[in-house]
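target26.pdb follows; it contains PDB, C-alpha atoms.
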MODEL        1
ATOM      1  CA  GLY A   5       8.642 -18.933  15.735
ATOM      2  CA  GLU A   6      12.124 -17.984  16.792
ATOM      3  CA  GLY A   7      12.661 -14.691  15.061
ATOM      4  CA  ILE A   8      11.635 -11.726  12.968
ATOM      5  CA  THR A   9      12.334 -11.216   9.269
ATOM      6  CA  TYR A  10      12.922  -7.673   8.023
ATOM      7  CA  ALA A  11      12.950  -6.227   4.517
ATOM      8  CA  ALA A  12      16.269  -4.380   4.186
ATOM      9  CA  TYR A  13      18.620  -2.729   1.732
ATOM     10  CA  ASP A  14      22.284  -3.634   1.374
ATOM     11  CA  MET A  15      24.005  -0.306   0.763
ATOM     12  CA  LYS A  16      27.256  -1.944  -0.367
ATOM     13  CA  THR A  17      25.753  -4.187  -3.041
ATOM     14  CA  GLU A  18      22.835  -1.811  -3.653
ATOM     15  CA  LYS A  19      20.147  -4.473  -3.600
ATOM     16  CA  ALA A  20      17.164  -5.474  -1.507
ATOM     17  CA  VAL A  21      17.735  -8.296   0.976
ATOM     18  CA  SER A  22      16.006  -9.967   3.910
ATOM     19  CA  VAL A  23      17.422  -9.964   7.436
ATOM     20  CA  ARG A  24      16.409 -12.671   9.905
ATOM     21  CA  GLU A  25      16.867 -11.681  13.549
ATOM     22  CA  PHE A  26      16.943 -14.281  16.316
ATOM     23  CA  PHE A  27      14.217 -13.080  18.672
ATOM     24  CA  PRO A  28      12.396 -15.855  20.580
ATOM     25  CA  GLY A  29       9.486 -14.105  22.265
ATOM     26  CA  ARG A  30       9.101 -16.696  25.002
ATOM     27  CA  SER A  31      12.663 -16.486  26.279
ATOM     28  CA  ALA A  32      13.810 -12.948  25.391
ATOM     29  CA  GLY A  33      12.718  -9.347  25.058
ATOM     30  CA  ARG A  34      14.023  -5.899  24.063
ATOM     31  CA  ASP A  35      16.360  -3.969  26.312
ATOM     32  CA  ILE A  36      15.684  -0.385  27.317
ATOM     33  CA  ASP A  37      17.203   0.820  24.008
ATOM     34  CA  LEU A  38      14.405  -1.070  22.157
ATOM     35  CA  ILE A  39      17.039  -2.663  19.895
ATOM     36  CA  SER A  40      19.184  -5.044  21.943
ATOM     37  CA  VAL A  41      17.828  -8.492  22.786
ATOM     38  CA  VAL A  42      18.126  -9.765  26.363
ATOM     39  CA  PRO A  43      17.091 -13.118  27.864
ATOM     40  CA  LYS A  44      14.176 -13.099  30.275
ATOM     41  CA  GLU A  45      14.865 -13.876  33.924
ATOM     42  CA  GLY A  46      16.077 -17.444  34.363
ATOM     43  CA  MET A  47      16.233 -18.042  30.595
ATOM     44  CA  ASP A  48      19.922 -17.228  29.979
ATOM     45  CA  LYS A  49      20.984 -20.828  29.358
ATOM     46  CA  VAL A  50      18.031 -21.657  27.105
ATOM     47  CA  TYR A  51      18.477 -18.429  25.144
ATOM     48  CA  SER A  52      22.203 -19.036  24.642
ATOM     49  CA  GLN A  53      21.636 -22.617  23.524
ATOM     50  CA  HIS A  54      19.033 -21.662  20.933
ATOM     51  CA  LEU A  55      21.061 -18.653  19.757
ATOM     52  CA  ASN A  56      23.988 -20.982  19.010
ATOM     53  CA  SER A  57      21.621 -23.316  17.120
ATOM     54  CA  PHE A  58      20.392 -20.348  15.061
ATOM     55  CA  ILE A  59      23.946 -19.298  14.158
ATOM     56  CA  SER A  60      24.929 -22.875  13.297
ATOM     57  CA  LEU A  61      21.858 -23.388  11.066
ATOM     58  CA  TRP A  62      22.379 -20.239   9.020
ATOM     59  CA  LYS A  63      26.118 -20.779   8.654
ATOM     60  CA  LYS A  64      25.433 -24.248   7.245
ATOM     61  CA  ILE A  65      23.013 -22.727   4.728
ATOM     62  CA  MET A  66      25.528 -19.983   3.870
ATOM     63  CA  ARG A  67      28.124 -22.643   3.017
ATOM     64  CA  LEU A  68      25.699 -24.010   0.410
ATOM     65  CA  LYS A  69      25.789 -20.795  -1.635
ATOM     66  CA  GLY A  70      25.117 -21.608  -5.281
ATOM     67  CA  VAL A  71      22.832 -24.602  -4.684
ATOM     68  CA  THR A  72      20.075 -24.295  -7.297
ATOM     69  CA  ALA A  73      16.787 -24.091  -5.384
ATOM     70  CA  LEU A  74      18.084 -22.447  -2.209
ATOM     71  CA  ILE A  75      18.121 -18.822  -1.096
ATOM     72  CA  THR A  76      21.602 -17.277  -1.069
ATOM     73  CA  VAL A  77      22.788 -16.373   2.438
ATOM     74  CA  ASN A  78      25.361 -13.556   2.303
ATOM     75  CA  ASP A  79      26.233 -13.055   5.961
ATOM     76  CA  VAL A  80      25.626 -14.330   9.483
ATOM     77  CA  PHE A  81      26.733 -12.049  12.313
ATOM     78  CA  GLN A  82      26.193 -11.290  15.998
ATOM     79  CA  CYS A  83      25.167  -7.863  17.267
ATOM     80  CA  ASN A  84      22.797  -6.315  19.830
ATOM     81  CA  GLY A  85      22.979  -9.424  22.017
ATOM     82  CA  THR A  86      21.556 -11.623  19.270
ATOM     83  CA  ALA A  87      22.370 -12.863  15.737
ATOM     84  CA  TYR A  88      21.257 -12.019  12.220
ATOM     85  CA  ALA A  89      21.252 -13.808   8.854
ATOM     86  CA  VAL A  90      21.233 -11.756   5.649
ATOM     87  CA  TYR A  91      19.985 -13.364   2.459
ATOM     88  CA  ASP A  92      18.819 -12.501  -1.047
ATOM     89  CA  GLU A  93      15.059 -12.338  -1.311
ATOM     90  CA  SER A  94      14.215  -9.112  -3.027
ATOM     91  CA  GLU A  95      10.889 -10.297  -4.432
ATOM     92  CA  ARG A  96       8.571 -12.640  -2.587
ATOM     93  CA  ILE A  97       6.021 -14.293  -4.831
ATOM     94  CA  THR A  98       5.309 -17.521  -2.987
ATOM     95  CA  LEU A  99       4.198 -20.808  -4.470
ATOM     96  CA  ARG A 100       0.984 -20.381  -2.466
ATOM     97  CA  ASP A 101       0.285 -17.025  -4.148
ATOM     98  CA  TYR A 102       1.150 -18.476  -7.544
ATOM     99  CA  LEU A 103      -1.227 -21.437  -7.149
ATOM    100  CA  LEU A 104      -4.037 -19.198  -5.887
ATOM    101  CA  ASP A 105      -3.533 -16.997  -8.958
ATOM    102  CA  THR A 106      -3.872 -19.841 -11.451
ATOM    103  CA  LYS A 107      -7.283 -20.195 -13.081
ATOM    104  CA  GLU A 108      -7.713 -23.817 -12.003
ATOM    105  CA  GLY A 109      -5.884 -23.617  -8.664
ATOM    106  CA  PHE A 110      -3.511 -26.420  -9.644
ATOM    107  CA  ILE A 111      -0.862 -27.187 -12.261
ATOM    108  CA  PRO A 112      -0.296 -30.244 -14.502
ATOM    109  CA  TRP A 113       2.405 -32.788 -13.665
ATOM    110  CA  GLU A 114       4.504 -31.745 -16.684
ATOM    111  CA  LYS A 115       4.850 -28.244 -15.234
ATOM    112  CA  ALA A 116       5.158 -29.430 -11.623
ATOM    113  CA  ARG A 117       7.986 -31.808 -12.585
ATOM    114  CA  ILE A 118      10.040 -28.933 -14.013
ATOM    115  CA  LEU A 119       9.416 -26.772 -10.928
ATOM    116  CA  PHE A 120       9.842 -29.371  -8.183
ATOM    117  CA  MET A 121      12.567 -31.796  -9.236
ATOM    118  CA  PRO A 122      15.414 -29.251  -8.719
ATOM    119  CA  VAL A 123      13.914 -28.513  -5.272
ATOM    120  CA  LEU A 124      14.079 -32.197  -4.411
ATOM    121  CA  SER A 125      17.796 -32.271  -5.221
ATOM    122  CA  THR A 126      18.333 -29.201  -3.043
ATOM    123  CA  ILE A 127      16.513 -30.794  -0.097
ATOM    124  CA  GLY A 128      18.783 -33.826  -0.517
ATOM    125  CA  THR A 129      21.853 -31.562  -0.394
ATOM    126  CA  LEU A 130      20.516 -29.867   2.752
ATOM    127  CA  HIS A 131      19.987 -33.221   4.449
ATOM    128  CA  THR A 132      23.511 -34.330   3.568
ATOM    129  CA  SER A 133      24.747 -31.106   5.207
ATOM    130  CA  GLY A 134      22.734 -31.768   8.359
ATOM    131  CA  VAL A 135      19.979 -29.233   7.671
ATOM    132  CA  PHE A 136      16.333 -30.254   8.003
ATOM    133  CA  HIS A 137      13.639 -27.715   7.186
ATOM    134  CA  ARG A 138      10.670 -29.110   9.150
ATOM    135  CA  GLY A 139       8.384 -26.375   7.825
ATOM    136  CA  ILE A 140       7.993 -27.040   4.104
ATOM    137  CA  ASN A 141       4.673 -25.645   2.869
ATOM    138  CA  PRO A 142       3.528 -23.619  -0.176
ATOM    139  CA  SER A 143       4.564 -20.336   1.492
ATOM    140  CA  SER A 144       8.146 -21.536   2.103
ATOM    141  CA  PHE A 145       8.830 -21.606  -1.642
ATOM    142  CA  ILE A 146       9.436 -18.348  -3.496
ATOM    143  CA  PHE A 147       9.957 -17.689  -7.176
ATOM    144  CA  SER A 148      13.259 -16.201  -8.296
ATOM    145  CA  LYS A 149      13.370 -13.731 -11.170
ATOM    146  CA  ASP A 150      14.089 -16.560 -13.630
ATOM    147  CA  GLY A 151      10.877 -18.339 -12.633
ATOM    148  CA  LYS A 152      12.477 -21.116 -10.609
ATOM    149  CA  LEU A 153      11.468 -22.133  -7.097
ATOM    150  CA  LYS A 154      13.714 -21.461  -4.116
ATOM    151  CA  LEU A 155      13.320 -22.806  -0.584
ATOM    152  CA  THR A 156      13.296 -20.290   2.272
ATOM    153  CA  ASP A 157      11.802 -19.778   5.787
ATOM    154  CA  PHE A 158      14.274 -21.862   7.783
ATOM    155  CA  CYS A 159      13.977 -22.212  11.565
ATOM    156  CA  ILE A 160      15.815 -24.099  14.283
ATOM    157  CA  GLU A 161      14.306 -27.448  15.289
ATOM    158  CA  PRO A 162      12.646 -26.457  18.622
ATOM    159  CA  ALA A 163      10.641 -23.774  16.799
ATOM    160  CA  ARG A 164       8.974 -26.454  14.697
ATOM    161  CA  SER A 165       7.983 -29.039  17.251
ATOM    162  CA  ALA A 166       5.450 -29.209  20.034
ATOM    163  CA  ALA A 167       8.198 -29.304  22.678
ATOM    164  CA  GLY A 168       7.038 -26.040  24.230
ATOM    165  CA  ALA A 169      10.187 -23.866  24.124
ATOM    166  CA  PHE A 170       8.662 -21.684  21.376
ATOM    167  CA  ASP A 171       5.338 -20.743  19.898
ATOM    168  CA  ALA A 172       5.827 -23.539  17.403
ATOM    169  CA  GLU A 173       5.278 -23.069  13.674
ATOM    170  CA  ILE A 174       3.481 -26.256  12.658
ATOM    171  CA  PHE A 175       1.670 -26.067   9.330
ATOM    172  CA  ASP A 176      -1.553 -28.077   9.382
ATOM    173  CA  GLY A 177      -1.999 -30.077   6.196
ATOM    174  CA  TYR A 178       1.761 -30.134   5.567
ATOM    175  CA  ALA A 179       3.286 -31.182   8.893
ATOM    176  CA  PRO A 180       3.612 -34.937   9.563
ATOM    177  CA  LEU A 181       2.217 -36.585  12.663
ATOM    178  CA  GLU A 182       5.562 -36.671  14.516
ATOM    179  CA  GLN A 183       5.745 -32.860  14.661
ATOM    180  CA  TYR A 184       2.672 -32.702  16.867
ATOM    181  CA  PHE A 185       4.280 -34.700  19.692
ATOM    182  CA  PRO A 186       7.114 -33.342  21.903
ATOM    183  CA  ASN A 187       9.258 -36.469  22.081
ATOM    184  CA  LYS A 188       8.947 -37.779  18.531
ATOM    185  CA  LYS A 189      12.007 -37.742  16.265
ATOM    186  CA  THR A 190      12.012 -35.532  13.168
ATOM    187  CA  ASP A 191      14.357 -36.314  10.297
ATOM    188  CA  THR A 192      14.525 -36.812   6.525
ATOM    189  CA  ARG A 193      11.068 -38.396   6.516
ATOM    190  CA  THR A 194       9.589 -35.240   8.052
ATOM    191  CA  ASP A 195      10.649 -33.139   5.068
ATOM    192  CA  ILE A 196       9.614 -35.881   2.629
ATOM    193  CA  TYR A 197       6.071 -35.866   4.035
ATOM    194  CA  SER A 198       5.842 -32.072   3.805
ATOM    195  CA  PHE A 199       7.323 -31.940   0.297
ATOM    196  CA  CYS A 200       4.836 -34.555  -0.945
ATOM    197  CA  CYS A 201       1.980 -32.597   0.645
ATOM    198  CA  VAL A 202       3.083 -29.468  -1.231
ATOM    199  CA  LEU A 203       3.300 -31.460  -4.470
ATOM    200  CA  TYR A 204      -0.189 -32.859  -3.755
ATOM    201  CA  ARG A 205      -1.489 -29.291  -3.254
ATOM    202  CA  ALA A 206       0.100 -28.187  -6.528
ATOM    203  CA  LEU A 207      -1.306 -31.131  -8.519
ATOM    204  CA  ILE A 208      -4.731 -31.526  -6.892
ATOM    205  CA  GLY A 209      -5.565 -27.946  -5.926
ATOM    206  CA  THR A 210      -6.500 -28.557  -2.289
ATOM    207  CA  THR A 211      -4.587 -28.704   0.993
ATOM    208  CA  PRO A 212      -4.234 -32.303   2.233
ATOM    209  CA  ILE A 213      -6.168 -33.372   5.317
ATOM    210  CA  ASP A 214      -4.007 -32.675   8.388
ATOM    211  CA  ALA A 215      -1.998 -35.569   9.824
ATOM    212  CA  LYS A 216      -3.775 -35.705  13.197
ATOM    213  CA  THR A 217      -7.161 -36.081  11.511
ATOM    214  CA  ARG A 218      -5.748 -38.688   9.140
ATOM    215  CA  SER A 219      -4.349 -40.677  12.071
ATOM    216  CA  GLU A 220      -7.898 -41.028  13.437
ATOM    217  CA  ASN A 221      -9.647 -41.605  10.111
ATOM    218  CA  ASP A 222      -7.528 -41.605   6.968
ATOM    219  CA  ARG A 223      -9.856 -40.366   4.245
ATOM    220  CA  MET A 224      -7.206 -38.840   2.008
ATOM    221  CA  MET A 225      -7.410 -39.960  -1.597
ATOM    222  CA  ILE A 226      -6.675 -38.745  -5.109
ATOM    223  CA  PRO A 227      -9.927 -37.495  -6.720
ATOM    224  CA  ALA A 228     -10.940 -39.570  -9.740
ATOM    225  CA  LYS A 229     -10.448 -36.824 -12.351
ATOM    226  CA  PHE A 230      -6.823 -36.365 -11.215
ATOM    227  CA  ALA A 231      -6.178 -40.080 -10.825
ATOM    228  CA  GLU A 232      -7.028 -40.477 -14.510
ATOM    229  CA  GLN A 233      -4.635 -37.704 -15.588
ATOM    230  CA  LEU A 234      -1.631 -38.269 -13.327
ATOM    231  CA  PRO A 235       0.946 -40.979 -14.084
ATOM    232  CA  PRO A 236       0.431 -43.969 -11.720
ATOM    233  CA  TYR A 237       4.042 -43.687 -10.506
ATOM    234  CA  VAL A 238       3.401 -40.106  -9.316
ATOM    235  CA  ILE A 239       0.322 -41.225  -7.375
ATOM    236  CA  ASN A 240       2.303 -44.075  -5.784
ATOM    237  CA  ALA A 241       5.142 -41.689  -4.892
ATOM    238  CA  LEU A 242       2.666 -39.360  -3.151
ATOM    239  CA  ILE A 243       0.998 -42.209  -1.262
ATOM    240  CA  ASN A 244       4.358 -43.577  -0.045
ATOM    241  CA  GLY A 245       5.725 -40.136   0.808
ATOM    242  CA  MET A 246       2.591 -39.125   2.704
ATOM    243  CA  SER A 247       2.242 -42.242   4.830
ATOM    244  CA  ILE A 248       1.012 -41.154   8.260
ATOM    245  CA  TYR A 249       3.568 -43.082  10.289
ATOM    246  CA  PRO A 250       7.276 -42.391   9.633
ATOM    247  CA  GLU A 251       8.204 -46.093   9.639
ATOM    248  CA  ASP A 252       5.877 -46.642   6.640
ATOM    249  CA  ARG A 253       7.080 -43.584   4.740
ATOM    250  CA  THR A 254       9.683 -43.151   1.981
ATOM    251  CA  ASP A 255      12.826 -42.549   4.034
ATOM    252  CA  ASN A 256      15.311 -40.849   1.695
ATOM    253  CA  ILE A 257      15.269 -38.181  -0.997
ATOM    254  CA  GLU A 258      16.939 -40.353  -3.650
ATOM    255  CA  GLN A 259      14.185 -42.949  -3.329
ATOM    256  CA  LEU A 260      11.501 -40.262  -3.659
ATOM    257  CA  ARG A 261      13.314 -38.799  -6.668
ATOM    258  CA  SER A 262      13.435 -42.268  -8.255
ATOM    259  CA  ASP A 263       9.751 -42.861  -7.511
ATOM    260  CA  LEU A 264       8.823 -39.599  -9.234
TER     261      LEU A 264
ENDMDL
END
Could the structure of this file be written out as structure tokens, please?
Amino acid sequence: GEGITYAAYDMKTEKAVSVREFFPGRSAGRDIDLISVVPKEGMDKVYSQHLNSFISLWKKIMRLKGVTALITVNDVFQCNGTAYAVYDESERITLRDYLLDTKEGFIPWEKARILFMPVLSTIGTLHTSGVFHRGINPSSFIFSKDGKLKLTDFCIEPARSAAGAFDAEIFDGYAPLEQYFPNKKTDTRTDIYSFCCVLYRALIGTTPIDAKTRSENDRMMIPAKFAEQLPPYVINALINGMSIYPEDRTDNIEQLRSDL
């Protein structure tokens, strides 16, 4: 992707935190001091542009401090020729780990509803603030100490598309079709697809078929034993939210929330 995340300790607040450093391997490297970040030859303009995008993204998230299902960003600063974001994430039990630890590998809708509906509201708030995740998957959700889900693992847009400026983070099974093509637009519908795929994984116990395979032969369906247990409106919400083509997909968070 576009950076490195470090486990750190805030000596002022005396608590564990995470520090995200902007370090795009394709366009930058370490200086002779092995700490400072310097653009590679001919990459100054690209590096500067993406660095500014990184700072802008994390400052937007920092302004949303207190939003329920969102990590708390405490600081965004520039140093060593690059930028850093500091956020609370002392324990990292991911949704993926949690689901793998369950006896059945999935959870019932009654439990999923309690876990996921606050997340949906948070994603809506992010979109209103001009922040799109573009990388929602079971590992991008962590559990806070009170047992609630929080969304983390944010990246700037070029790091999550096939445009070629980065070694893109595209999560097969959770990324919609438009993320696999350099010139396709990503927006609210991108996150809706990914969110619905994560909900599908939580309810069904398997990763959905990846979007490129589905575009050639869409064999994705709800297995009969789950179709009998899940409310029909949940199944319909998943089908509409996971439509392969963006123009056929649920296009806003409020509609998805209503459908669920």
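Across the chains present, the PyMOL selection byres ((chain A and resi 124) around 10) applied to this file returns Ala73, Leu119, Phe120, Met121, Pro122, Val123, Ser125, Thr126, Ile127, Gly128, Thr129, Leu130, Ile196, Phe199, Ile257, Glu258, Leu260 and Arg261 of chain A.
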task: For atom CA of Arg67 of chain A and atom CA of Ser133 of chain A, determine how far apart the two atoms are, in Å to one decimal place.
output: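 Computing the Euclidean distance for atom CA of Arg67 of chain A and atom CA of Ser133 of chain A yields 9.4 Å.
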message: Could you tell me, as number ranges by chain, exactly which residues end up selected when the PyMOL selection byres ((chain A and resi 247) around 12) is applied to this structure?
response: A: 179-182, 193-194, 196-198, 200-201, 214-215, 218-219, 222, 224-225, 240-246, 248-255
message: What does the structure give for the distance between atom CA of Leu207 of chain A and atom CA of Gly151 of chain A, in Å to one decimal?
response: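 Calculated distance between atom CA of Leu207 of chain A and atom CA of Gly151 of chain A is 18.1 Å.
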message: Suppose a student applies the PyMOL selection byres ((chain A and resi 14) around 12) to this structure; what residues should they get, written as a PyMOL selection string?
response: chain A and resi 11-13+15-23+78-79+90-94
query: Interatomic distance between atom CA of Asp150 of chain A and atom CA of Gly109 of chain A?
result: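 Separation between atom CA of Asp150 of chain A and atom CA of Gly109 of chain A: 21.8 Å.
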message: Using only C-alpha atoms, which protein or nucleic acid residues come within 12 Å of Leu99 of chain A? Drop anything in the same chain fewer than 3 positions from it, and give the result as an MDAnalysis selection string.
response: chainID A and resid 96 102:106 109:111 116 119:120 140:148 151:156 202:203 205:206
Taking a cut-off of 10 Å and counting all atoms listed in the file, can you build a table that, for each residue of segment 8-56 of chain A near segment 160-164 of chain A, reports the nearest atom pair and how far apart they are in Å (one decimal), sorted by chain then residue number, as CSV?
residue,atom,partner,partner_atom,distance
A:Pro28,CA,A:Ala163,CA,8.9
A:His54,CA,A:Ile160,CA,7.8
A:Leu55,CA,A:Ile160,CA,9.3
A:Asn56,CA,A:Ile160,CA,9.9
Go ahead and save the picked residues with C-alpha atoms, as a JSON list (two decimals), in the frame of the given file.
[["chain", "number", "residue", "atom", "x", "y", "z"],
["A", 28, "PRO", "CA", 12.40, -15.86, 20.58],
["A", 54, "HIS", "CA", 19.03, -21.66, 20.93],
["A", 55, "LEU", "CA", 21.06, -18.65, 19.76],
["A", 56, "ASN", "CA", 23.99, -20.98, 19.01]]
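Each of A:Gln82, A:Asn221, A:Val50, A:Glu114 was checked against Arg24 of chain A using all atoms listed in the file; the smallest atom-to-atom distance is that of A:Gln82.
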- prompt: Pick the closest to Asp195 of chain A from A:Gln53, A:Asn256, A:Gln233, A:Thr211: which is it, counting only C-alpha atoms?
  reply: A:Asn256
